[in-house]
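K.L.:
File entry.pdb below, PDB, C-alpha atoms:
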```pdb
ATOM      1  CA  MET J 121       0.000   0.000   0.000  1.00  0.00           C
ATOM      2  CA  SER J 122       1.358   3.410  -0.926  1.00  0.00           C
ATOM      3  CA  GLU J 123       1.117   5.713   2.056  1.00  0.00           C
ATOM      4  CA  SER J 124       1.393   8.685  -0.289  1.00  0.00           C
ATOM      5  CA  LEU J 125      -1.937   7.757  -1.890  1.00  0.00           C
ATOM      6  CA  VAL J 126      -3.856   6.560   1.186  1.00  0.00           C
ATOM      7  CA  LEU J 127      -2.997   7.910   4.617  1.00  0.00           C
ATOM      8  CA  VAL J 128      -3.801   5.623   7.556  1.00  0.00           C
ATOM      9  CA  SER J 129      -4.316   6.576  11.194  1.00  0.00           C
ATOM     10  CA  ASP J 130      -5.781   4.713  14.193  1.00  0.00           C
ATOM     11  CA  ALA J 131      -7.383   5.875  17.419  1.00  0.00           C
ATOM     12  CA  ASP J 132      -9.706   4.080  19.854  1.00  0.00           C
ATOM     13  CA  GLY J 133     -10.734   1.338  17.426  1.00  0.00           C
ATOM     14  CA  ILE J 134     -11.369   3.789  14.581  1.00  0.00           C
ATOM     15  CA  ARG J 135      -9.212   3.551  11.465  1.00  0.00           C
ATOM     16  CA  ARG J 136      -9.184   6.626   9.280  1.00  0.00           C
ATOM     17  CA  LEU J 137      -8.285   6.266   5.605  1.00  0.00           C
ATOM     18  CA  THR J 138      -7.621   9.449   3.664  1.00  0.00           C
ATOM     19  CA  VAL J 139      -7.333   9.468  -0.116  1.00  0.00           C
ATOM     20  CA  HIS J 140      -4.255  11.633  -0.600  1.00  0.00           C
ATOM     21  CA  ARG J 141      -4.042  13.209  -4.044  1.00  0.00           C
ATOM     22  CA  PRO J 142      -5.070  16.774  -3.152  1.00  0.00           C
ATOM     23  CA  ASP J 143      -3.398  18.216  -6.257  1.00  0.00           C
ATOM     24  CA  LYS J 144      -5.741  16.028  -8.353  1.00  0.00           C
ATOM     25  CA  LEU J 145      -8.773  16.531  -6.084  1.00  0.00           C
ATOM     26  CA  ASN J 146      -8.164  12.944  -4.938  1.00  0.00           C
ATOM     27  CA  ALA J 147      -9.116  11.487  -8.320  1.00  0.00           C
ATOM     28  CA  LEU J 148      -9.041   7.709  -8.507  1.00  0.00           C
ATOM     29  CA  ASN J 149      -6.346   6.352 -10.775  1.00  0.00           C
ATOM     30  CA  ALA J 150      -5.384   2.677 -10.903  1.00  0.00           C
ATOM     31  CA  ALA J 151      -2.688   3.059  -8.253  1.00  0.00           C
ATOM     32  CA  THR J 152      -5.104   4.751  -5.846  1.00  0.00           C
ATOM     33  CA  LEU J 153      -7.710   2.042  -6.383  1.00  0.00           C
ATOM     34  CA  ASP J 154      -5.063  -0.557  -5.554  1.00  0.00           C
ATOM     35  CA  ALA J 155      -3.918   1.375  -2.474  1.00  0.00           C
ATOM     36  CA  LEU J 156      -7.508   1.589  -1.215  1.00  0.00           C
ATOM     37  CA  GLN J 157      -8.034  -2.104  -1.905  1.00  0.00           C
ATOM     38  CA  ALA J 158      -4.997  -2.940   0.226  1.00  0.00           C
ATOM     39  CA  ALA J 159      -6.054  -0.511   2.960  1.00  0.00           C
ATOM     40  CA  PHE J 160      -9.570  -1.926   3.307  1.00  0.00           C
ATOM     41  CA  THR J 161      -8.315  -5.501   3.208  1.00  0.00           C
ATOM     42  CA  ALA J 162      -5.892  -4.679   6.016  1.00  0.00           C
ATOM     43  CA  ALA J 163      -8.652  -3.023   8.038  1.00  0.00           C
ATOM     44  CA  ALA J 164     -10.874  -6.087   7.664  1.00  0.00           C
ATOM     45  CA  ASP J 165      -8.080  -8.344   8.916  1.00  0.00           C
ATOM     46  CA  ASP J 166      -7.057  -6.170  11.883  1.00  0.00           C
ATOM     47  CA  ALA J 167      -8.957  -7.188  15.020  1.00  0.00           C
ATOM     48  CA  SER J 168      -8.186  -3.856  16.695  1.00  0.00           C
ATOM     49  CA  VAL J 169     -10.202  -1.983  14.056  1.00  0.00           C
ATOM     50  CA  ARG J 170     -13.880  -1.648  14.934  1.00  0.00           C
ATOM     51  CA  VAL J 171     -14.948   0.985  12.366  1.00  0.00           C
ATOM     52  CA  VAL J 172     -13.429   2.679   9.311  1.00  0.00           C
ATOM     53  CA  VAL J 173     -13.790   6.343   8.337  1.00  0.00           C
ATOM     54  CA  LEU J 174     -13.017   7.226   4.717  1.00  0.00           C
ATOM     55  CA  THR J 175     -12.375  10.784   3.552  1.00  0.00           C
ATOM     56  CA  GLY J 176     -10.350  12.864   1.109  1.00  0.00           C
ATOM     57  CA  ALA J 177      -7.355  15.122   1.650  1.00  0.00           C
ATOM     58  CA  GLY J 178      -7.736  18.863   1.414  1.00  0.00           C
ATOM     59  CA  PRO J 179     -10.742  21.177   1.799  1.00  0.00           C
ATOM     60  CA  LYS J 180     -12.197  20.842  -1.694  1.00  0.00           C
ATOM     61  CA  ALA J 181     -12.850  17.187  -2.468  1.00  0.00           C
ATOM     62  CA  PHE J 182     -13.784  13.846  -0.983  1.00  0.00           C
ATOM     63  CA  VAL J 183     -12.983  12.276  -4.346  1.00  0.00           C
ATOM     64  CA  ALA J 184     -13.707  14.338  -7.455  1.00  0.00           C
ATOM     65  CA  GLY J 185     -14.013  11.267  -9.691  1.00  0.00           C
ATOM     66  CA  ALA J 186     -11.907   8.809 -11.633  1.00  0.00           C
ATOM     67  CA  ASP J 187      -8.685  10.118 -13.141  1.00  0.00           C
ATOM     68  CA  ILE J 188      -9.817  11.317 -16.570  1.00  0.00           C
ATOM     69  CA  ALA J 189      -6.253  11.816 -17.818  1.00  0.00           C
ATOM     70  CA  GLU J 190      -5.536   8.138 -17.174  1.00  0.00           C
ATOM     71  CA  MET J 191      -8.820   7.040 -18.739  1.00  0.00           C
ATOM     72  CA  ALA J 192      -8.656   9.110 -21.912  1.00  0.00           C
ATOM     73  CA  ASP J 193      -6.482   6.707 -23.950  1.00  0.00           C
ATOM     74  CA  LEU J 194      -7.849   3.407 -22.662  1.00  0.00           C
ATOM     75  CA  ARG J 195      -8.942   0.813 -25.194  1.00  0.00           C
ATOM     76  CA  PRO J 196     -12.210  -1.110 -24.706  1.00  0.00           C
ATOM     77  CA  THR J 197     -10.611  -4.037 -22.890  1.00  0.00           C
ATOM     78  CA  ASP J 198      -8.593  -1.628 -20.733  1.00  0.00           C
ATOM     79  CA  GLY J 199     -11.775   0.271 -19.890  1.00  0.00           C
ATOM     80  CA  ARG J 200     -13.466  -2.963 -18.864  1.00  0.00           C
ATOM     81  CA  ASP J 201     -10.513  -3.888 -16.663  1.00  0.00           C
ATOM     82  CA  PHE J 202     -10.504  -0.419 -15.067  1.00  0.00           C
ATOM     83  CA  SER J 203     -14.208  -0.806 -14.311  1.00  0.00           C
ATOM     84  CA  LEU J 204     -13.646  -4.242 -12.784  1.00  0.00           C
ATOM     85  CA  ARG J 205     -10.812  -2.860 -10.670  1.00  0.00           C
ATOM     86  CA  GLY J 206     -13.092  -0.178  -9.282  1.00  0.00           C
ATOM     87  CA  GLN J 207     -16.022  -2.517  -8.799  1.00  0.00           C
ATOM     88  CA  ARG J 208     -13.842  -4.972  -6.882  1.00  0.00           C
ATOM     89  CA  LEU J 209     -12.891  -2.192  -4.453  1.00  0.00           C
ATOM     90  CA  MET J 210     -16.499  -1.068  -4.042  1.00  0.00           C
ATOM     91  CA  ARG J 211     -17.648  -4.609  -3.254  1.00  0.00           C
ATOM     92  CA  THR J 212     -14.809  -5.014  -0.770  1.00  0.00           C
ATOM     93  CA  ILE J 213     -16.012  -1.897   1.050  1.00  0.00           C
ATOM     94  CA  GLU J 214     -19.690  -2.789   0.788  1.00  0.00           C
ATOM     95  CA  THR J 215     -19.121  -6.288   2.185  1.00  0.00           C
ATOM     96  CA  LEU J 216     -16.544  -5.302   4.808  1.00  0.00           C
ATOM     97  CA  PRO J 217     -17.505  -6.957   8.120  1.00  0.00           C
ATOM     98  CA  LYS J 218     -17.052  -3.628   9.917  1.00  0.00           C
ATOM     99  CA  PRO J 219     -18.982  -0.375   9.469  1.00  0.00           C
ATOM    100  CA  VAL J 220     -17.494   2.103   7.023  1.00  0.00           C
ATOM    101  CA  ILE J 221     -18.396   5.810   7.211  1.00  0.00           C
ATOM    102  CA  ALA J 222     -17.789   8.125   4.271  1.00  0.00           C
ATOM    103  CA  MET J 223     -16.928  11.591   5.592  1.00  0.00           C
ATOM    104  CA  VAL J 224     -17.814  13.611   2.500  1.00  0.00           C
ATOM    105  CA  ASN J 225     -15.857  16.815   2.933  1.00  0.00           C
ATOM    106  CA  GLY J 226     -16.238  18.197  -0.595  1.00  0.00           C
ATOM    107  CA  PHE J 227     -16.876  17.109  -4.166  1.00  0.00           C
ATOM    108  CA  ALA J 228     -17.968  13.464  -4.522  1.00  0.00           C
ATOM    109  CA  LEU J 229     -18.415  13.098  -8.248  1.00  0.00           C
ATOM    110  CA  GLY J 230     -18.424  10.077 -10.541  1.00  0.00           C
ATOM    111  CA  GLY J 231     -16.118   7.508  -8.967  1.00  0.00           C
ATOM    112  CA  GLY J 232     -16.132   9.605  -5.800  1.00  0.00           C
ATOM    113  CA  LEU J 233     -19.876   9.262  -5.344  1.00  0.00           C
ATOM    114  CA  GLU J 234     -19.591   5.576  -6.234  1.00  0.00           C
ATOM    115  CA  LEU J 235     -16.948   5.229  -3.519  1.00  0.00           C
ATOM    116  CA  ALA J 236     -19.149   6.996  -0.971  1.00  0.00           C
ATOM    117  CA  MET J 237     -22.197   4.908  -1.887  1.00  0.00           C
ATOM    118  CA  ALA J 238     -20.236   1.700  -1.279  1.00  0.00           C
ATOM    119  CA  CYS J 239     -19.738   2.811   2.330  1.00  0.00           C
ATOM    120  CA  HIS J 240     -22.361   1.903   4.915  1.00  0.00           C
ATOM    121  CA  LEU J 241     -23.018   5.443   6.164  1.00  0.00           C
ATOM    122  CA  ARG J 242     -22.428   8.839   4.559  1.00  0.00           C
ATOM    123  CA  ILE J 243     -22.043  12.084   6.495  1.00  0.00           C
ATOM    124  CA  ALA J 244     -21.646  15.153   4.297  1.00  0.00           C
ATOM    125  CA  ALA J 245     -20.591  18.729   4.828  1.00  0.00           C
ATOM    126  CA  ASP J 246     -23.242  21.227   3.787  1.00  0.00           C
ATOM    127  CA  THR J 247     -20.748  22.545   1.226  1.00  0.00           C
ATOM    128  CA  ALA J 248     -20.338  19.172  -0.492  1.00  0.00           C
ATOM    129  CA  LYS J 249     -21.708  18.390  -3.931  1.00  0.00           C
ATOM    130  CA  VAL J 250     -22.360  14.936  -5.360  1.00  0.00           C
ATOM    131  CA  GLY J 251     -23.187  13.628  -8.803  1.00  0.00           C
ATOM    132  CA  GLN J 252     -22.633  11.172 -11.647  1.00  0.00           C
ATOM    133  CA  PRO J 253     -21.368  13.434 -14.449  1.00  0.00           C
ATOM    134  CA  GLU J 254     -19.991  10.678 -16.696  1.00  0.00           C
ATOM    135  CA  ILE J 255     -22.550  11.501 -19.415  1.00  0.00           C
ATOM    136  CA  ASN J 256     -20.630  14.736 -20.036  1.00  0.00           C
ATOM    137  CA  LEU J 257     -17.601  12.652 -21.045  1.00  0.00           C
ATOM    138  CA  GLY J 258     -19.567  10.304 -23.279  1.00  0.00           C
ATOM    139  CA  LEU J 259     -19.446   7.653 -20.565  1.00  0.00           C
ATOM    140  CA  ILE J 260     -21.666   5.987 -18.002  1.00  0.00           C
ATOM    141  CA  PRO J 261     -20.867   5.112 -14.363  1.00  0.00           C
ATOM    142  CA  GLY J 262     -18.398   2.232 -14.256  1.00  0.00           C
ATOM    143  CA  PHE J 263     -17.796   1.525 -10.567  1.00  0.00           C
ATOM    144  CA  GLY J 264     -21.358   0.486  -9.707  1.00  0.00           C
ATOM    145  CA  GLY J 265     -22.961   3.919  -9.604  1.00  0.00           C
ATOM    146  CA  SER J 266     -26.044   3.044 -11.621  1.00  0.00           C
ATOM    147  CA  GLN J 267     -26.833   0.097  -9.355  1.00  0.00           C
ATOM    148  CA  ARG J 268     -26.096   1.539  -5.922  1.00  0.00           C
ATOM    149  CA  LEU J 269     -27.739   4.853  -6.718  1.00  0.00           C
ATOM    150  CA  LEU J 270     -30.822   2.958  -7.896  1.00  0.00           C
ATOM    151  CA  ARG J 271     -30.968   1.084  -4.590  1.00  0.00           C
ATOM    152  CA  LEU J 272     -30.388   4.172  -2.474  1.00  0.00           C
ATOM    153  CA  ALA J 273     -32.457   6.818  -4.234  1.00  0.00           C
ATOM    154  CA  GLY J 274     -34.770   5.018  -6.665  1.00  0.00           C
ATOM    155  CA  ARG J 275     -35.246   5.044 -10.423  1.00  0.00           C
ATOM    156  CA  ALA J 276     -36.264   8.680 -10.909  1.00  0.00           C
ATOM    157  CA  ALA J 277     -33.315  10.137  -9.003  1.00  0.00           C
ATOM    158  CA  THR J 278     -30.873   7.716 -10.645  1.00  0.00           C
ATOM    159  CA  LEU J 279     -32.012   8.688 -14.122  1.00  0.00           C
ATOM    160  CA  GLU J 280     -31.887  12.375 -13.211  1.00  0.00           C
ATOM    161  CA  LEU J 281     -28.317  12.225 -11.964  1.00  0.00           C
ATOM    162  CA  CYS J 282     -26.986   9.885 -14.644  1.00  0.00           C
ATOM    163  CA  LEU J 283     -28.792  11.391 -17.652  1.00  0.00           C
ATOM    164  CA  LEU J 284     -28.286  15.052 -16.809  1.00  0.00           C
ATOM    165  CA  GLY J 285     -24.881  14.684 -15.172  1.00  0.00           C
ATOM    166  CA  THR J 286     -25.487  17.778 -13.049  1.00  0.00           C
ATOM    167  CA  PRO J 287     -24.090  17.726  -9.493  1.00  0.00           C
ATOM    168  CA  ILE J 288     -26.535  18.290  -6.658  1.00  0.00           C
ATOM    169  CA  THR J 289     -26.113  19.841  -3.236  1.00  0.00           C
ATOM    170  CA  ALA J 290     -25.619  17.831  -0.075  1.00  0.00           C
ATOM    171  CA  GLU J 291     -29.074  18.900   1.108  1.00  0.00           C
ATOM    172  CA  ARG J 292     -30.677  17.576  -2.080  1.00  0.00           C
ATOM    173  CA  ALA J 293     -28.684  14.357  -1.673  1.00  0.00           C
ATOM    174  CA  LEU J 294     -30.084  14.040   1.849  1.00  0.00           C
ATOM    175  CA  GLN J 295     -33.633  14.462   0.550  1.00  0.00           C
ATOM    176  CA  LEU J 296     -33.024  11.690  -1.988  1.00  0.00           C
ATOM    177  CA  GLY J 297     -31.534   9.333   0.604  1.00  0.00           C
ATOM    178  CA  ILE J 298     -28.051   9.340  -0.941  1.00  0.00           C
ATOM    179  CA  VAL J 299     -26.434  10.619   2.269  1.00  0.00           C
ATOM    180  CA  ASN J 300     -27.487   9.981   5.865  1.00  0.00           C
ATOM    181  CA  ARG J 301     -26.656  13.323   7.449  1.00  0.00           C
ATOM    182  CA  VAL J 302     -25.644  16.830   6.404  1.00  0.00           C
ATOM    183  CA  VAL J 303     -23.852  19.067   8.883  1.00  0.00           C
ATOM    184  CA  PRO J 304     -22.090  22.435   8.684  1.00  0.00           C
ATOM    185  CA  ALA J 305     -18.616  21.962   7.242  1.00  0.00           C
ATOM    186  CA  ALA J 306     -17.024  23.162  10.486  1.00  0.00           C
ATOM    187  CA  GLU J 307     -18.831  20.379  12.386  1.00  0.00           C
ATOM    188  CA  LEU J 308     -18.145  17.520   9.967  1.00  0.00           C
ATOM    189  CA  GLU J 309     -15.133  16.123  11.841  1.00  0.00           C
ATOM    190  CA  ASP J 310     -16.887  16.190  15.225  1.00  0.00           C
ATOM    191  CA  GLU J 311     -20.115  14.648  13.921  1.00  0.00           C
ATOM    192  CA  THR J 312     -18.274  11.876  12.100  1.00  0.00           C
ATOM    193  CA  GLN J 313     -16.126  11.171  15.153  1.00  0.00           C
ATOM    194  CA  LYS J 314     -19.229  10.961  17.338  1.00  0.00           C
ATOM    195  CA  VAL J 315     -20.891   8.410  15.046  1.00  0.00           C
ATOM    196  CA  ALA J 316     -17.663   6.430  14.662  1.00  0.00           C
ATOM    197  CA  ALA J 317     -17.133   6.327  18.422  1.00  0.00           C
ATOM    198  CA  GLN J 318     -20.671   5.042  18.961  1.00  0.00           C
ATOM    199  CA  LEU J 319     -20.067   2.270  16.435  1.00  0.00           C
ATOM    200  CA  ALA J 320     -16.652   1.441  17.907  1.00  0.00           C
ATOM    201  CA  ALA J 321     -18.280   0.911  21.311  1.00  0.00           C
ATOM    202  CA  SER J 322     -20.985  -1.380  19.907  1.00  0.00           C
ATOM    203  CA  ALA J 323     -20.916  -5.180  19.764  1.00  0.00           C
ATOM    204  CA  PRO J 324     -18.703  -6.093  16.762  1.00  0.00           C
ATOM    205  CA  LEU J 325     -20.431  -9.395  16.018  1.00  0.00           C
ATOM    206  CA  ALA J 326     -23.864  -7.788  16.088  1.00  0.00           C
ATOM    207  CA  LEU J 327     -22.613  -5.006  13.810  1.00  0.00           C
ATOM    208  CA  ARG J 328     -21.308  -7.604  11.382  1.00  0.00           C
ATOM    209  CA  ALA J 329     -24.572  -9.540  11.477  1.00  0.00           C
ATOM    210  CA  THR J 330     -26.535  -6.335  10.852  1.00  0.00           C
ATOM    211  CA  LEU J 331     -24.423  -5.560   7.791  1.00  0.00           C
ATOM    212  CA  ASP J 332     -24.894  -9.121   6.556  1.00  0.00           C
ATOM    213  CA  VAL J 333     -28.670  -9.259   6.955  1.00  0.00           C
ATOM    214  CA  VAL J 334     -29.126  -5.926   5.166  1.00  0.00           C
ATOM    215  CA  ASN J 335     -26.652  -6.681   2.366  1.00  0.00           C
ATOM    216  CA  ILE J 336     -27.757 -10.252   1.755  1.00  0.00           C
ATOM    217  CA  GLY J 337     -31.413  -9.987   2.714  1.00  0.00           C
ATOM    218  CA  GLY J 338     -31.840  -6.870   0.628  1.00  0.00           C
ATOM    219  CA  GLU J 339     -30.919  -8.744  -2.530  1.00  0.00           C
ATOM    220  CA  CYS J 340     -33.258 -11.731  -2.125  1.00  0.00           C
ATOM    221  CA  GLY J 341     -36.959 -12.371  -1.635  1.00  0.00           C
ATOM    222  CA  ILE J 342     -38.733 -11.509   1.614  1.00  0.00           C
ATOM    223  CA  GLU J 343     -39.050 -15.119   2.789  1.00  0.00           C
ATOM    224  CA  GLU J 344     -35.366 -15.853   2.241  1.00  0.00           C
ATOM    225  CA  GLY J 345     -34.442 -12.564   3.888  1.00  0.00           C
ATOM    226  CA  LEU J 346     -36.552 -13.321   6.941  1.00  0.00           C
ATOM    227  CA  GLN J 347     -35.054 -16.781   7.251  1.00  0.00           C
ATOM    228  CA  TYR J 348     -31.560 -15.360   7.080  1.00  0.00           C
ATOM    229  CA  GLU J 349     -32.390 -12.744   9.724  1.00  0.00           C
ATOM    230  CA  THR J 350     -33.760 -15.445  12.026  1.00  0.00           C
ATOM    231  CA  ALA J 351     -30.613 -17.543  11.615  1.00  0.00           C
ATOM    232  CA  GLN J 352     -28.353 -14.574  12.384  1.00  0.00           C
ATOM    233  CA  PHE J 353     -30.545 -13.547  15.339  1.00  0.00           C
ATOM    234  CA  GLY J 354     -30.230 -17.012  16.842  1.00  0.00           C
ATOM    235  CA  LEU J 355     -26.482 -17.021  16.270  1.00  0.00           C
ATOM    236  CA  MET J 356     -26.117 -13.927  18.436  1.00  0.00           C
ATOM    237  CA  PHE J 357     -27.224 -15.993  21.443  1.00  0.00           C
ATOM    238  CA  SER J 358     -23.946 -17.890  21.221  1.00  0.00           C
ATOM    239  CA  THR J 359     -21.866 -14.751  21.831  1.00  0.00           C
ATOM    240  CA  ASP J 360     -20.371 -13.374  25.024  1.00  0.00           C
ATOM    241  CA  ASP J 361     -21.351  -9.911  23.822  1.00  0.00           C
ATOM    242  CA  MET J 362     -25.040 -10.819  23.871  1.00  0.00           C
ATOM    243  CA  ARG J 363     -24.696 -12.029  27.482  1.00  0.00           C
ATOM    244  CA  GLU J 364     -22.806  -8.872  28.400  1.00  0.00           C
ATOM    245  CA  GLY J 365     -25.331  -6.618  26.669  1.00  0.00           C
ATOM    246  CA  THR J 366     -28.392  -8.154  28.321  1.00  0.00           C
ATOM    247  CA  ARG J 367     -26.662  -8.339  31.704  1.00  0.00           C
ATOM    248  CA  ALA J 368     -25.588  -4.696  31.489  1.00  0.00           C
ATOM    249  CA  PHE J 369     -29.158  -3.705  30.643  1.00  0.00           C
ATOM    250  CA  THR J 370     -30.589  -5.431  33.703  1.00  0.00           C
ATOM    251  CA  GLU J 371     -27.793  -4.031  35.876  1.00  0.00           C
ATOM    252  CA  ARG J 372     -28.327  -0.517  34.488  1.00  0.00           C
ATOM    253  CA  ARG J 373     -24.758   0.027  33.335  1.00  0.00           C
ATOM    254  CA  LYS J 374     -22.967   0.496  30.047  1.00  0.00           C
ATOM    255  CA  PRO J 375     -21.893  -2.750  28.381  1.00  0.00           C
ATOM    256  CA  THR J 376     -18.296  -3.532  27.461  1.00  0.00           C
ATOM    257  CA  PHE J 377     -18.216  -5.532  24.258  1.00  0.00           C
ATOM    258  CA  THR J 378     -15.197  -7.643  23.301  1.00  0.00           C
ATOM    259  CA  GLY J 379     -16.213  -9.132  19.967  1.00  0.00           C
ATOM    260  CA  HIS J 380     -16.587 -12.663  21.339  1.00  0.00           C
TER     261      HIS J 380
END
```
Show the structure stored in the file as structure tokens.
P.N.:
Amino acid sequence: MSESLVLVSDADGIRRLTVHRPDKLNALNAATLDALQAAFTAAADDASVRVVVLTGAGPKAFVAGADIAEMADLRPTDGRDFSLRGQRLMRTIETLPKPVIAMVNGFALGGGLELAMACHLRIAADTAKVGQPEINLGLIPGFGGSQRLLRLAGRAATLELCLLGTPITAERALQLGIVNRVVPAAELEDETQKVAAQLAASAPLALRATLDVVNIGGECGIEEGLQYETAQFGLMFSTDDMREGTRAFTERRKPTFTGH
């Protein structure tokens, strides 16, 4: 993993990953995709990490999109491979067994919005703008944007953003369900830290099961989804964390979860 492309810091069970190409508005080239892939894989494998926060370097951009200069001369098979590279990263994030928060501090356009949508929660500064402007380049979203946007915001909003290619404000994104919260830019760090700390203090196995039932159950029929939820619910009764959580409730104290 190149530390110059993805900065990594840890504190109190929270791993922060910062896309670090501020001179390019953190645009995603192949090397940055690979660095993020390595960073998220490492976070998944590190037992000390309870939650991941993803953001972009500098005051202007979360990630302003894919690196157009790198894409311009790609041949069809290269374009397909670039898409697959991005989609592999997005699925790694989406299926990570730990919560991932996108701290959207500025522009999240094209691949940047696709990156944010792969995260489990999105907290945006009120100055941020999001969009899928690929149509303006004669392209379509290639990192899963058409599919995740459809699932988050519905058909009408997806067609609006992908056909027109016009960025929208963070407040409009909140109304459409693309982001979870919008806060003043000066409060973005504190709000994200507060949410991350709450997640870091929660039961890791229950967090993982919650991610699983939503990700898997959301893609199958209602009966299969209910059966999967029931199986995961029952599995929680085998954990020390469930015993600790119920005991702490009856004893009127805060639980201490260990992930066992």
K.L.:
Tell me which of J:Ala222, J:Ala186, J:Met362, J:Leu145 sits closest to Thr376 (chain J), counting only C-alpha atoms.
P.N.:
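That would be J:Met362, the residue with the smallest distance to Thr376 (chain J).
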K.L.:
The PyMOL selection byres ((chain J and resi 300-316) around 7) on the file shown: which residues, as a ChimeraX atom specification?
P.N.:
/J:134,171,223,241-247,290-291,294,297-299,317-320
K.L.:
Give the centre and edge lengths of an axis-aligned box, in Å to one decimal, that holds all listed atoms of region 274-285 of chain J with 4 Å on each side, as AutoDock Vina command-line options.
P.N.:
```
--center_x -30.6 --center_y 10.0 --center_z -12.2 --size_x 19.4 --size_y 18.0 --size_z 19.0
```
K.L.:
Would you translate the PyMOL selection byres ((chain J and resi 229) around 10) into the concrete set of residues it matches in this file, as JSON, numbers by chain?
P.N.:
{"J": [147, 181, 182, 183, 184, 185, 186, 226, 227, 228, 230, 231, 232, 233, 234, 235, 236, 249, 250, 251, 252, 253, 254, 285, 286, 287, 288]}
K.L.:
With only C-alpha atoms as the basis for distance, which of J:Ile255, J:Ala273, J:Ala248, J:Val220 is at the shortest distance from Leu331 (chain J)?
P.N.:
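For Leu331 (chain J), the nearest of the candidates is J:Val220.
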K.L.:
I'd like the neighbourhood of Ala155 (chain J) as a compact mmCIF listing (two decimals) with C-alpha atoms, keeping the file's coordinate frame, where a residue qualifies if any of its atoms comes within 12 Å (using only C-alpha atoms), though same-chain residues fewer than 3 positions away should be ignored.
P.N.:
```txt
# COMPACT_ATOMS: atom_id res chain seq x y z
CA MET J 121 0.00 0.00 0.00
CA SER J 122 1.36 3.41 -0.93
CA GLU J 123 1.12 5.71 2.06
CA SER J 124 1.39 8.68 -0.29
CA LEU J 125 -1.94 7.76 -1.89
CA VAL J 126 -3.86 6.56 1.19
CA LEU J 127 -3.00 7.91 4.62
CA VAL J 128 -3.80 5.62 7.56
CA LEU J 137 -8.28 6.27 5.60
CA THR J 138 -7.62 9.45 3.66
CA VAL J 139 -7.33 9.47 -0.12
CA HIS J 140 -4.26 11.63 -0.60
CA ARG J 141 -4.04 13.21 -4.04
CA LEU J 148 -9.04 7.71 -8.51
CA ASN J 149 -6.35 6.35 -10.78
CA ALA J 150 -5.38 2.68 -10.90
CA ALA J 151 -2.69 3.06 -8.25
CA THR J 152 -5.10 4.75 -5.85
CA ALA J 158 -5.00 -2.94 0.23
CA ALA J 159 -6.05 -0.51 2.96
CA PHE J 160 -9.57 -1.93 3.31
CA THR J 161 -8.32 -5.50 3.21
CA ALA J 162 -5.89 -4.68 6.02
CA ARG J 205 -10.81 -2.86 -10.67
CA GLY J 206 -13.09 -0.18 -9.28
CA LEU J 209 -12.89 -2.19 -4.45
```
K.L.:
For the atom pair CA of Glu349 (chain J) and CA of Thr212 (chain J), what is the interatomic distance in Å to one decimal place?
P.N.:
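Separation between CA of Glu349 (chain J) and CA of Thr212 (chain J): 21.9 Å.
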K.L.:
For a test of reading the model, state the distance in Å between CA of Arg268 (chain J) and CA of Ser322 (chain J), rounded to one decimal.
P.N.:
26.5 Å
